[in-house]
Each structure stands twice: as C-alpha cells, then as structure tokens.
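Have a look at upload_1.cif below; it lists mmCIF, C-alpha atoms.
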```cif
data_input
#
loop_
_atom_site.label_atom_id
_atom_site.label_comp_id
_atom_site.auth_asym_id
_atom_site.auth_seq_id
_atom_site.Cartn_x
_atom_site.Cartn_y
_atom_site.Cartn_z
CA MET F 1 114.96 117.10 90.89
CA SER F 2 112.13 118.19 88.60
CA HIS F 3 108.66 116.71 88.74
CA LEU F 4 109.16 114.82 85.48
CA LEU F 5 112.58 113.49 86.42
CA ARG F 6 110.98 112.00 89.51
CA THR F 7 107.72 110.69 88.04
CA ARG F 8 108.21 109.90 84.36
CA PRO F 9 110.55 106.89 84.82
CA ALA F 10 107.77 105.10 86.74
CA THR F 11 104.82 105.82 84.45
CA THR F 12 103.77 106.90 80.95
CA ASP F 13 103.25 110.25 79.30
CA ALA F 14 99.63 109.36 78.55
CA MET F 15 98.79 108.65 82.20
CA LEU F 16 100.61 111.76 83.37
CA ALA F 17 98.40 113.76 81.02
CA VAL F 18 95.27 112.28 82.63
CA PHE F 19 96.24 113.80 85.97
CA ASP F 20 98.03 116.98 84.95
CA ASP F 21 96.82 120.45 85.98
CA ASN F 22 95.13 121.18 82.67
CA ALA F 23 93.14 117.95 82.82
CA THR F 24 92.08 118.63 86.41
CA LEU F 25 90.89 122.12 85.51
CA ARG F 26 89.10 120.83 82.42
CA HIS F 27 87.11 118.34 84.48
CA ALA F 28 86.29 120.92 87.18
CA LEU F 29 85.06 123.42 84.60
CA ALA F 30 83.07 120.70 82.88
CA PHE F 31 81.29 119.99 86.17
CA GLU F 32 80.22 123.63 86.52
CA GLU F 33 79.18 123.89 82.88
CA LYS F 34 77.18 120.65 82.81
CA LEU F 35 75.60 121.44 86.18
CA ALA F 36 74.36 124.78 84.88
CA ARG F 37 72.96 123.13 81.75
CA ALA F 38 71.23 120.45 83.81
CA GLU F 39 69.71 122.99 86.18
CA ALA F 40 68.52 125.15 83.31
CA ALA F 41 66.86 122.10 81.74
CA GLU F 42 65.06 121.49 85.07
CA GLY F 43 63.96 125.14 85.26
CA LEU F 44 66.11 125.97 88.27
CA ILE F 45 68.20 128.67 86.57
CA GLY F 46 67.70 130.70 83.44
CA ALA F 47 68.86 129.49 80.05
CA ALA F 48 70.77 132.73 79.47
CA ASP F 49 72.63 132.30 82.74
CA ALA F 50 73.50 128.72 81.82
CA ASP F 51 74.77 129.95 78.45
CA ALA F 52 76.96 132.56 80.16
CA ILE F 53 78.38 129.98 82.56
CA ALA F 54 79.05 127.51 79.77
CA SER F 55 80.72 130.13 77.61
CA LEU F 56 82.99 131.23 80.44
CA CYS F 57 83.92 127.67 81.41
CA ASP F 58 84.83 126.98 77.81
CA SER F 59 87.01 130.07 77.37
CA ILE F 60 88.51 131.10 80.70
CA ASP F 61 92.29 131.00 81.02
CA ILE F 62 93.46 130.13 84.54
CA ASP F 63 97.04 129.90 85.74
CA PRO F 64 97.25 126.53 87.53
CA ALA F 65 100.08 127.67 89.80
CA ALA F 66 98.12 130.69 91.05
CA LEU F 67 94.98 128.62 91.54
CA ALA F 68 96.96 125.96 93.39
CA ALA F 69 98.30 128.56 95.82
CA GLU F 70 94.76 129.78 96.48
CA ALA F 71 93.49 126.21 96.88
CA ALA F 72 96.21 125.50 99.44
CA LEU F 73 94.85 128.37 101.53
CA ALA F 74 91.17 127.60 100.96
CA GLY F 75 91.49 123.85 101.50
CA THR F 76 89.88 122.85 98.21
CA LEU F 77 90.21 123.61 94.52
CA ALA F 78 86.53 124.48 94.08
CA ILE F 79 86.49 127.50 96.41
CA PRO F 80 88.95 129.70 94.48
CA LEU F 81 87.75 128.32 91.13
CA VAL F 82 84.11 129.22 91.79
CA ALA F 83 85.19 132.63 93.14
CA ARG F 84 87.10 133.37 89.92
CA LEU F 85 84.20 132.30 87.76
CA ARG F 86 81.70 134.42 89.71
CA LYS F 87 83.88 137.51 89.32
CA ALA F 88 83.78 137.08 85.55
CA LEU F 89 80.03 136.50 85.26
CA PRO F 90 77.02 138.83 85.19
CA GLU F 91 75.24 139.10 88.54
CA THR F 92 72.41 136.66 87.87
CA ALA F 93 74.71 134.07 86.31
CA ALA F 94 77.14 134.43 89.19
CA LYS F 95 74.35 133.59 91.61
CA ALA F 96 73.25 130.65 89.46
CA LEU F 97 76.75 129.17 89.25
CA HIS F 98 77.41 126.11 91.45
CA LYS F 99 73.78 126.07 92.63
CA GLY F 100 73.11 123.21 95.03
CA ALA F 101 76.66 121.91 94.75
CA THR F 102 79.58 121.82 97.16
CA SER F 103 83.35 121.63 96.89
CA GLN F 104 83.48 117.88 97.43
CA ASP F 105 81.07 117.32 94.56
CA VAL F 106 83.58 118.99 92.26
CA ALA F 107 86.57 117.14 93.72
CA ASP F 108 84.94 113.72 93.54
CA VAL F 109 83.65 114.22 90.01
CA VAL F 110 87.07 115.33 88.83
CA LEU F 111 88.63 112.27 90.44
CA VAL F 112 86.16 109.69 89.13
CA ARG F 113 86.40 111.05 85.58
CA GLN F 114 90.18 110.83 85.77
CA ILE F 115 89.92 107.30 87.16
CA ARG F 116 87.74 106.23 84.25
CA GLU F 117 90.02 107.86 81.68
CA GLY F 118 93.09 106.33 83.32
CA HIS F 119 91.45 102.92 83.49
CA THR F 120 90.82 102.98 79.75
CA LEU F 121 94.52 103.58 79.12
CA LEU F 122 95.59 100.94 81.61
CA ALA F 123 93.19 98.32 80.26
CA ALA F 124 94.74 98.57 76.81
CA ASP F 125 98.22 97.62 78.07
CA LEU F 126 96.82 94.91 80.32
CA ALA F 127 95.07 93.40 77.29
CA ARG F 128 98.38 93.44 75.40
CA ILE F 129 100.00 91.47 78.22
CA ALA F 130 97.18 88.94 78.44
CA THR F 131 97.24 88.30 74.71
CA ALA F 132 101.01 87.91 74.49
CA LEU F 133 101.24 85.65 77.53
CA ALA F 134 98.46 83.37 76.28
CA ILE F 135 100.39 82.82 73.06
CA LEU F 136 103.62 82.05 74.91
CA ALA F 137 101.93 79.77 77.42
CA ARG F 138 100.41 77.61 74.69
CA ARG F 139 103.64 77.60 72.69
CA HIS F 140 105.63 76.30 75.67
CA GLY F 141 102.95 74.32 77.47
CA ALA F 142 104.68 71.01 76.80
CA THR F 143 108.26 72.30 77.13
CA PRO F 144 109.78 70.44 80.12
CA ALA F 145 111.46 72.77 82.59
CA ILE F 146 112.54 72.55 86.18
CA GLY F 147 109.98 73.92 88.59
CA ARG F 148 111.20 75.79 91.65
CA THR F 149 109.66 76.15 95.08
CA LEU F 150 111.16 78.24 97.88
CA LEU F 151 113.81 79.22 95.31
CA GLN F 152 115.05 75.64 95.08
CA ASP F 153 114.73 73.00 92.33
CA ALA F 154 111.46 71.13 92.82
CA LEU F 155 109.88 68.92 90.12
CA PRO F 156 109.56 69.39 86.35
CA ILE F 157 106.75 71.53 84.96
CA GLY F 158 105.70 72.68 81.53
CA PHE F 159 107.44 76.04 81.07
CA GLY F 160 104.21 77.40 79.64
CA LEU F 161 102.35 76.60 82.85
CA ARG F 162 104.39 79.21 84.70
CA ILE F 163 103.48 81.74 82.01
CA ALA F 164 99.81 80.70 82.13
CA HIS F 165 99.76 81.49 85.85
CA TRP F 166 101.11 84.98 85.11
CA GLN F 167 98.40 85.44 82.52
CA ALA F 168 95.60 84.13 84.72
CA GLY F 169 96.59 86.33 87.64
CA ILE F 170 96.81 89.47 85.54
CA ALA F 171 93.56 88.69 83.71
CA ALA F 172 91.64 88.13 86.96
CA ALA F 173 93.04 91.34 88.46
CA THR F 174 92.08 93.23 85.32
CA GLU F 175 88.50 92.00 85.56
CA ARG F 176 88.33 92.89 89.25
CA LEU F 177 89.55 96.41 88.53
CA GLY F 178 86.96 96.86 85.79
CA ARG F 179 84.17 95.89 88.17
CA GLU F 180 85.42 98.24 90.89
CA VAL F 181 85.75 101.17 88.49
CA GLU F 182 82.26 100.60 87.11
CA ALA F 183 80.77 100.40 90.60
CA GLY F 184 82.80 103.12 92.30
CA ALA F 185 83.69 105.79 89.72
CA ILE F 186 80.19 107.28 89.69
CA LEU F 187 78.54 110.67 89.98
CA GLN F 188 78.80 112.49 93.30
CA PHE F 189 76.27 115.30 93.61
CA GLY F 190 74.83 115.94 97.04
CA GLY F 191 75.40 119.54 98.00
CA ALA F 192 76.42 120.91 101.36
CA ALA F 193 75.24 118.01 103.54
CA GLY F 194 74.43 115.37 100.95
CA THR F 195 70.71 116.15 100.84
CA ARG F 196 70.48 118.05 97.52
CA ALA F 197 68.86 120.93 99.38
CA GLY F 198 67.87 124.11 97.59
CA LEU F 199 66.90 122.41 94.34
CA ALA F 200 63.12 122.54 94.68
CA ASP F 201 62.88 118.75 94.85
CA LYS F 202 64.45 118.51 91.41
CA GLY F 203 67.81 117.21 92.59
CA ALA F 204 67.28 113.73 91.17
CA GLY F 205 66.48 115.15 87.76
CA VAL F 206 69.51 117.43 87.86
CA ALA F 207 71.71 114.53 88.93
CA ALA F 208 70.46 112.30 86.11
CA ARG F 209 71.14 115.00 83.52
CA LEU F 210 74.51 115.84 85.05
CA ALA F 211 75.60 112.21 85.10
CA ALA F 212 74.65 111.70 81.46
CA ALA F 213 76.45 114.87 80.38
CA LEU F 214 79.61 113.90 82.27
CA GLY F 215 79.57 110.30 81.05
CA LEU F 216 79.15 108.88 84.55
CA PRO F 217 76.65 106.45 86.09
CA ASP F 218 74.01 108.28 88.13
CA ALA F 219 74.05 107.64 91.86
CA ALA F 220 72.76 108.81 95.21
CA PRO F 221 75.21 111.01 97.12
CA TRP F 222 78.09 108.99 98.60
CA GLN F 223 80.40 111.70 99.89
CA ALA F 224 80.94 110.04 103.29
CA ARG F 225 80.85 106.45 102.00
CA ARG F 226 84.32 105.90 100.60
CA GLY F 227 84.17 102.16 99.96
CA GLY F 228 84.06 102.69 96.22
CA MET F 229 87.35 104.57 96.24
CA ALA F 230 88.88 102.00 98.58
CA GLY F 231 87.76 99.22 96.25
CA ILE F 232 89.34 100.89 93.23
CA ALA F 233 92.57 101.54 95.13
CA SER F 234 92.75 97.94 96.32
CA ALA F 235 92.02 96.58 92.84
CA LEU F 236 94.76 98.77 91.36
CA ALA F 237 97.23 97.45 93.91
CA ILE F 238 96.25 93.87 93.04
CA VAL F 239 96.84 94.60 89.35
CA ILE F 240 100.24 96.04 90.21
CA GLY F 241 101.01 93.04 92.40
CA THR F 242 100.19 90.54 89.65
CA LEU F 243 102.42 92.45 87.26
CA GLY F 244 105.08 92.32 89.95
CA LYS F 245 104.69 88.54 90.19
CA MET F 246 105.47 88.21 86.49
CA ALA F 247 108.35 90.68 86.84
CA ARG F 248 109.82 88.81 89.79
CA ASP F 249 109.80 85.52 87.90
CA VAL F 250 111.25 86.98 84.71
CA SER F 251 114.04 88.68 86.63
CA LEU F 252 114.90 85.39 88.36
CA LEU F 253 114.84 83.49 85.07
CA ALA F 254 117.13 86.14 83.55
CA GLN F 255 119.94 85.60 86.06
CA ASN F 256 123.21 84.60 84.41
CA SER F 257 123.22 81.29 86.26
CA VAL F 258 119.69 80.47 85.00
CA GLY F 259 119.32 82.22 81.64
CA GLU F 260 115.94 80.69 80.74
CA ALA F 261 114.20 83.94 79.78
CA ARG F 262 115.21 87.55 79.28
CA GLU F 263 113.55 90.82 78.55
CA PRO F 264 113.66 91.82 74.89
CA ALA F 265 116.61 93.96 73.85
CA VAL F 266 115.25 97.52 73.63
CA PRO F 267 117.58 100.39 72.65
CA GLY F 268 118.27 102.55 75.69
CA ARG F 269 116.82 100.06 78.20
CA GLY F 270 118.64 97.62 80.45
CA GLY F 271 122.18 98.88 80.12
CA SER F 272 124.64 99.87 82.80
CA SER F 273 126.52 103.14 83.19
CA ALA F 274 129.60 101.22 84.38
CA MET F 275 129.33 97.70 82.89
CA ALA F 276 128.70 97.59 79.17
CA HIS F 277 128.19 93.81 79.16
CA LYS F 278 125.08 93.90 81.35
CA ARG F 279 121.49 93.38 80.14
CA ASN F 280 119.49 94.44 83.17
CA PRO F 281 115.78 93.55 83.56
CA THR F 282 114.74 97.18 83.71
CA GLY F 283 111.12 96.58 82.71
CA CYS F 284 110.81 94.19 85.63
CA GLN F 285 112.43 96.81 87.83
CA ILE F 286 109.65 99.28 86.99
CA ALA F 287 106.94 96.77 87.85
CA LEU F 288 108.62 95.60 91.05
CA SER F 289 109.19 99.16 92.23
CA ALA F 290 105.49 99.86 91.68
CA ALA F 291 104.57 96.70 93.60
CA LEU F 292 106.65 97.90 96.56
CA ARG F 293 105.01 101.33 96.60
CA ALA F 294 101.38 100.35 96.03
CA PRO F 295 100.51 98.75 99.41
CA GLY F 296 101.35 101.89 101.36
CA LEU F 297 99.18 104.01 99.09
CA VAL F 298 96.25 101.64 99.53
CA ALA F 299 96.71 101.61 103.30
CA GLY F 300 96.22 105.37 103.34
CA VAL F 301 92.96 105.10 101.41
CA LEU F 302 91.69 102.31 103.67
CA ALA F 303 92.55 104.38 106.74
CA GLY F 304 90.12 107.06 105.55
CA LEU F 305 87.09 104.75 105.52
CA PRO F 306 85.87 105.74 109.01
CA ALA F 307 84.74 109.15 107.72
CA GLU F 308 83.15 111.56 110.16
CA GLU F 309 79.37 111.95 109.81
CA GLU F 310 78.24 113.69 106.58
CA ARG F 311 81.70 114.76 105.36
CA GLY F 312 85.02 113.53 106.63
CA LEU F 313 88.06 115.57 107.57
CA GLY F 314 91.33 114.50 105.99
CA GLY F 315 90.29 111.05 104.78
CA TRP F 316 88.74 111.69 101.39
CA GLN F 317 91.19 114.52 100.81
CA ALA F 318 93.97 111.92 100.90
CA GLU F 319 92.34 109.71 98.27
CA GLY F 320 92.92 111.80 95.16
CA PRO F 321 96.73 111.91 95.36
CA ALA F 322 96.89 108.22 96.33
CA LEU F 323 94.61 107.05 93.52
CA ALA F 324 96.44 109.20 91.00
CA GLU F 325 99.74 107.70 92.16
CA LEU F 326 98.34 104.17 91.94
CA LEU F 327 97.16 104.72 88.38
CA LEU F 328 100.49 106.27 87.43
CA LEU F 329 102.36 103.30 88.89
CA ALA F 330 99.99 100.78 87.30
CA ALA F 331 100.41 102.44 83.92
CA GLY F 332 104.19 102.35 84.12
CA ALA F 333 104.22 98.72 85.25
CA ALA F 334 101.72 97.62 82.61
CA GLU F 335 103.47 99.39 79.75
CA ALA F 336 106.82 97.95 80.80
CA MET F 337 105.52 94.41 81.20
CA ALA F 338 103.57 94.59 77.92
CA THR F 339 106.87 95.22 76.19
CA VAL F 340 108.40 92.31 78.09
CA ALA F 341 105.51 89.95 77.32
CA GLU F 342 105.46 90.76 73.63
CA GLY F 343 109.19 90.24 73.20
CA LEU F 344 110.14 87.77 75.93
CA ASP F 345 113.33 86.00 74.89
CA ILE F 346 112.92 82.34 75.94
CA ASP F 347 116.04 80.16 75.72
CA GLU F 348 114.90 76.55 75.29
CA ALA F 349 118.48 75.28 75.36
CA ALA F 350 119.03 76.83 78.78
CA ILE F 351 115.72 75.40 79.98
CA ALA F 352 116.78 71.91 78.87
CA ARG F 353 120.25 72.31 80.37
CA ASN F 354 118.89 73.33 83.78
CA LEU F 355 116.38 70.50 83.73
CA ALA F 356 119.11 67.96 82.96
CA ALA F 357 121.34 69.38 85.69
CA ALA F 358 118.56 68.93 88.24
CA ALA F 359 118.41 65.21 87.35
CA LEU F 360 114.75 64.98 88.35
CA GLY F 361 113.38 63.54 85.14
CA SER F 362 111.01 65.16 82.65
CA ASP F 363 107.53 64.19 83.85
CA ILE F 364 105.56 67.46 83.68
CA GLY F 365 102.32 65.88 84.83
CA GLU F 366 99.19 67.58 83.50
CA SER F 367 100.96 70.87 82.79
CA GLU F 368 99.74 71.20 79.21
CA ALA F 369 96.11 70.51 80.15
CA LEU F 370 96.35 72.95 83.05
CA VAL F 371 97.54 75.66 80.67
CA GLU F 372 94.30 75.30 78.74
CA THR F 373 92.31 75.32 81.98
CA LEU F 374 93.90 78.59 83.06
CA LEU F 375 93.73 80.43 79.75
CA PRO F 376 90.68 81.78 77.95
CA ALA F 377 89.54 79.81 74.92
CA PRO F 378 91.46 80.87 71.79
CA ARG F 379 89.54 83.08 69.37
CA GLY F 380 88.47 81.84 65.97
#
```

As structure tokens, what does this structure read like?
Amino acid sequence: MSHLLRTRPATTDAMLAVFDDNATLRHALAFEEKLARAEAAEGLIGAADADAIASLCDSIDIDPAALAAEAALAGTLAIPLVARLRKALPETAAKALHKGATSQDVADVVLVRQIREGHTLLAADLARIATALAILARRHGATPAIGRTLLQDALPIGFGLRIAHWQAGIAAATERLGREVEAGAILQFGGAAGTRAGLADKGAGVAARLAAALGLPDAAPWQARRGGMAGIASALAIVIGTLGKMARDVSLLAQNSVGEAREPAVPGRGGSSAMAHKRNPTGCQIALSAALRAPGLVAGVLAGLPAEEERGLGGWQAEGPALAELLLLAAGAAEAMATVAEGLDIDEAAIARNLAAAALGSDIGESEALVETLLPAPRG
C-alpha cells in the first residue's frame, strides 16, 4: 500500500502538503537562512557570510530520500542538513552557519511553523462548520423532535437544539485550539544546553530578529518544557472529538429506521461496492475514525512530558509525527463534516413521524431559547 493510499482517505491534499518532505526542508533551510541574517545584523557573523548562507539555502537541491537515510543514522534531520550546507559553503561561511544553534532548535522551529500553517487551514473548515450549523440550528430550533438518551426515546426537544450543541462544542474546541497554538507554537532557540552560549550576550537580540523573520512569537528557550506541544495535541484531539460527536449523531439519525437526517448526496461518496441502494455516512466515518485514533496519539505526547534535564531522550522526538498525524486527522474530519454541515439533508416528515410514534407529546420546553443561548449572536 502506498503512502497516499494509506493517508489521503483520512485527510486533505492541502494538509498533506504542509507536512511533506519539501515543506519540512523549506522550513529547516529558512531557519538557517534567517538565523544567519539575524546574527549578521547583531554583528556576530559577517554580512558576506550571511549572504552566502542565504543564497545557498535558497538554491540548494536536496534529495529528501537520501537526507532521510542520513537523518535515520544521525538521529536528527539537522545534522546531515548542516553538514551538506557546510560542504557547499566557503570556509568562513561554513563556520558561521548554525552558530549558537542546535539540532532541536531546527526541529522545533520546523514543527511549530508547520503547526501554525496547518492550524490556518483547519480553522477555515471549522469556521465553515460553525456557520452552517448555526443557520440550521436557528432554522429548526422550534421543530419538535424526539430526544434520545442512552439510545432510547426520552422527551421531545427542538431539533435545532441538538444541532446547536454540535455547533457550541465545535466552536469552543476551535477557540481552545487557537489559544494553545498561539501560546505553544513559538520560537525555540537555545543552543546546545538552552543557554544561548557563544553569542557574546547577544542571544536575545538574535532570537528577537529570528522570531520576527520566521513569523513566530519570540520566547525564552523551552526545549525541555513540552507543555506547549502537549496543549496543542490535546486541543487538536478535543476538536476531533467534537467533530466525532456531530458525526456520531448524524450517522444515528441517518439509519433507515430513523431517517431524520442524512449526509448530502456527493458523487463518489457514500456508495457501496456490493449494494447499490446504500447511502453510507462516509463523511461521518472519516470523522469517527479520526476520533478513535486521536486519543492514542495524544497519550504518546503526554507521556513525553517528564523530559530529562536540559534535553529529553525520545519524548520530544515522538511529538513531531504525532502532532502531524493529529493535524492530518483533524483536517480530514473537518473537511468531511464541513461538507456534511453545509448540505445536511433534514427530513421534517420523518422527524414528525418518529415524534408521533413515541407518543410523548410535543412540549420542547425552552429549546428555542436555549439555541440562542448556545449560538453566537447573528451578524448584521
């Protein structure tokens, strides 16, 4: 099974591009280029050497497969990358390259830039879902439907109240993720032991310039404090879980015996290879599969929090693949459920029929008012 055959059904092309080999190399080379520029501006290396480094980083052609094989032996991407760059540079520029930095600085900066780029993509689909669900919740806020608890008929509710709860959960998770990304996806630049040694007491100035050039918030070194990464991972899993909640409900409502709501009919989605009559909730399947996988990925990140002294062994190295996987899963779930939210097929006749069959009346209490409490105020 190829890489794409395994990964693409669960995510989007755009998010795959954020984490592909070319993107990873681009971010790593940007770190070395911007570091050289920052150090030249602080008088730590010569301007000509910075120019040579920048020119090489902008033009060098590296085979990702060969570099990956070298990184597997070295234990980190930065070691073979820096070695290749030094071989292609004049002597003084080679010595100036990577000054005051360490391999983890490169790895963490690559990761946090990818997290921020991936978050921007994810936020767009989450906003689509929130907007579509708010419209549906208000439209059906006063539509009497049977509520269900423990998978059994309970009391009537406004059908839109169920949708408003989906919206509120996803919106809150989206806000939480934004806060965690802003707080945790920040510059890491500390050098060999996190002290910014060898920079003539100009490390803070270099860091400020480097952060600005890379589009990251400046920060003190945090290489052994992994709470920011754990917070982002946890917030991603919560986003995925709230999408899974919506997916679980839609898939239950779409059962033949219920028939109150179905995914929109999308060419190529939801069919069966053996049963032509079926309309499977495949978008929900994507979100629910992501929700099953996410907790294990987060557990691995949390397990790495007790990092050893100034740089941990094995813990932070496990974060990058897990966070990439979480963003890939979140993107696939969000894109799928955005399509569902924007085209959800609600059958009011089936809703009324099921309510009548339950014979529990039609008192929906304060459902309509609760919808407005849960949702953001309408614009305009």

Pick out the residues sitting within 7 Å of Gly147 (chain F), and hand them over as a PyMOL selection string; count only C-alpha atoms, and ignore anything fewer than 4 positions along from it in its own chain.
-> chain F and resi 153-157

The PyMOL selection byres ((chain F and resi 300) around 12) applied to the shown file, residues as a ChimeraX atom specification | /F:229-230,233-234,293-299,301-306,314-323,325-326

Can you give me, as a list in words, the residues this file yields under the PyMOL selection byres ((chain F and resi 339-354) around 6)?
->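 On the file shown, the PyMOL selection byres ((chain F and resi 339-354) around 6) covers Ile129, Ala132, Ala145, Glu260, Ala261, Arg262, Glu263, Pro264, Ala336, Met337, Ala338, Leu355, Ala356 and Ala357 of chain F.
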
Polymer residues at most 8 Å from Leu214 (chain F), all atoms listed in the file, same-chain spacing of 6 or more positions, as a ChimeraX atom specification = /F:30-31,34

Applied to the shown file, which residues does the PyMOL selection byres ((chain F and resi 21) around 12) return, written as a PyMOL selection string?
-> chain F and resi 16-20+22-28+62-68+77+110+114

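Counting all atoms listed in the file, Ala212 (chain F) has the following residues at most 12 Å away, ignoring those fewer than 5 positions along the same chain: Phe31, Lys34, Leu35, Arg37, Ala38, Ile186, Leu187, Gly205, Val206, Ala207, Pro217, Asp218 and Ala219 of chain F.
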
Give me, as JSON lines, the closest atom pair and its distance (Å, one decimal) for every residue of region 85-162 of chain F within a cut-off of 12 Å of region 58-61 of chain F, counting all atoms listed in the file, rows sorted by chain and rising number.
```
{"residue": "F:Leu85", "atom": "CA", "partner": "F:Ile60", "partner_atom": "CA", "distance": 8.4}
{"residue": "F:Arg86", "atom": "CA", "partner": "F:Ile60", "partner_atom": "CA", "distance": 11.8}
{"residue": "F:Lys87", "atom": "CA", "partner": "F:Ile60", "partner_atom": "CA", "distance": 11.7}
{"residue": "F:Ala88", "atom": "CA", "partner": "F:Ile60", "partner_atom": "CA", "distance": 9.0}
{"residue": "F:Leu89", "atom": "CA", "partner": "F:Ile60", "partner_atom": "CA", "distance": 11.0}
```

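Residue nearest Gly75 (chain F), chosen from F:Ile238, F:Leu133, F:Leu313, F:Ala220 and counting only C-alpha atoms: F:Leu313.
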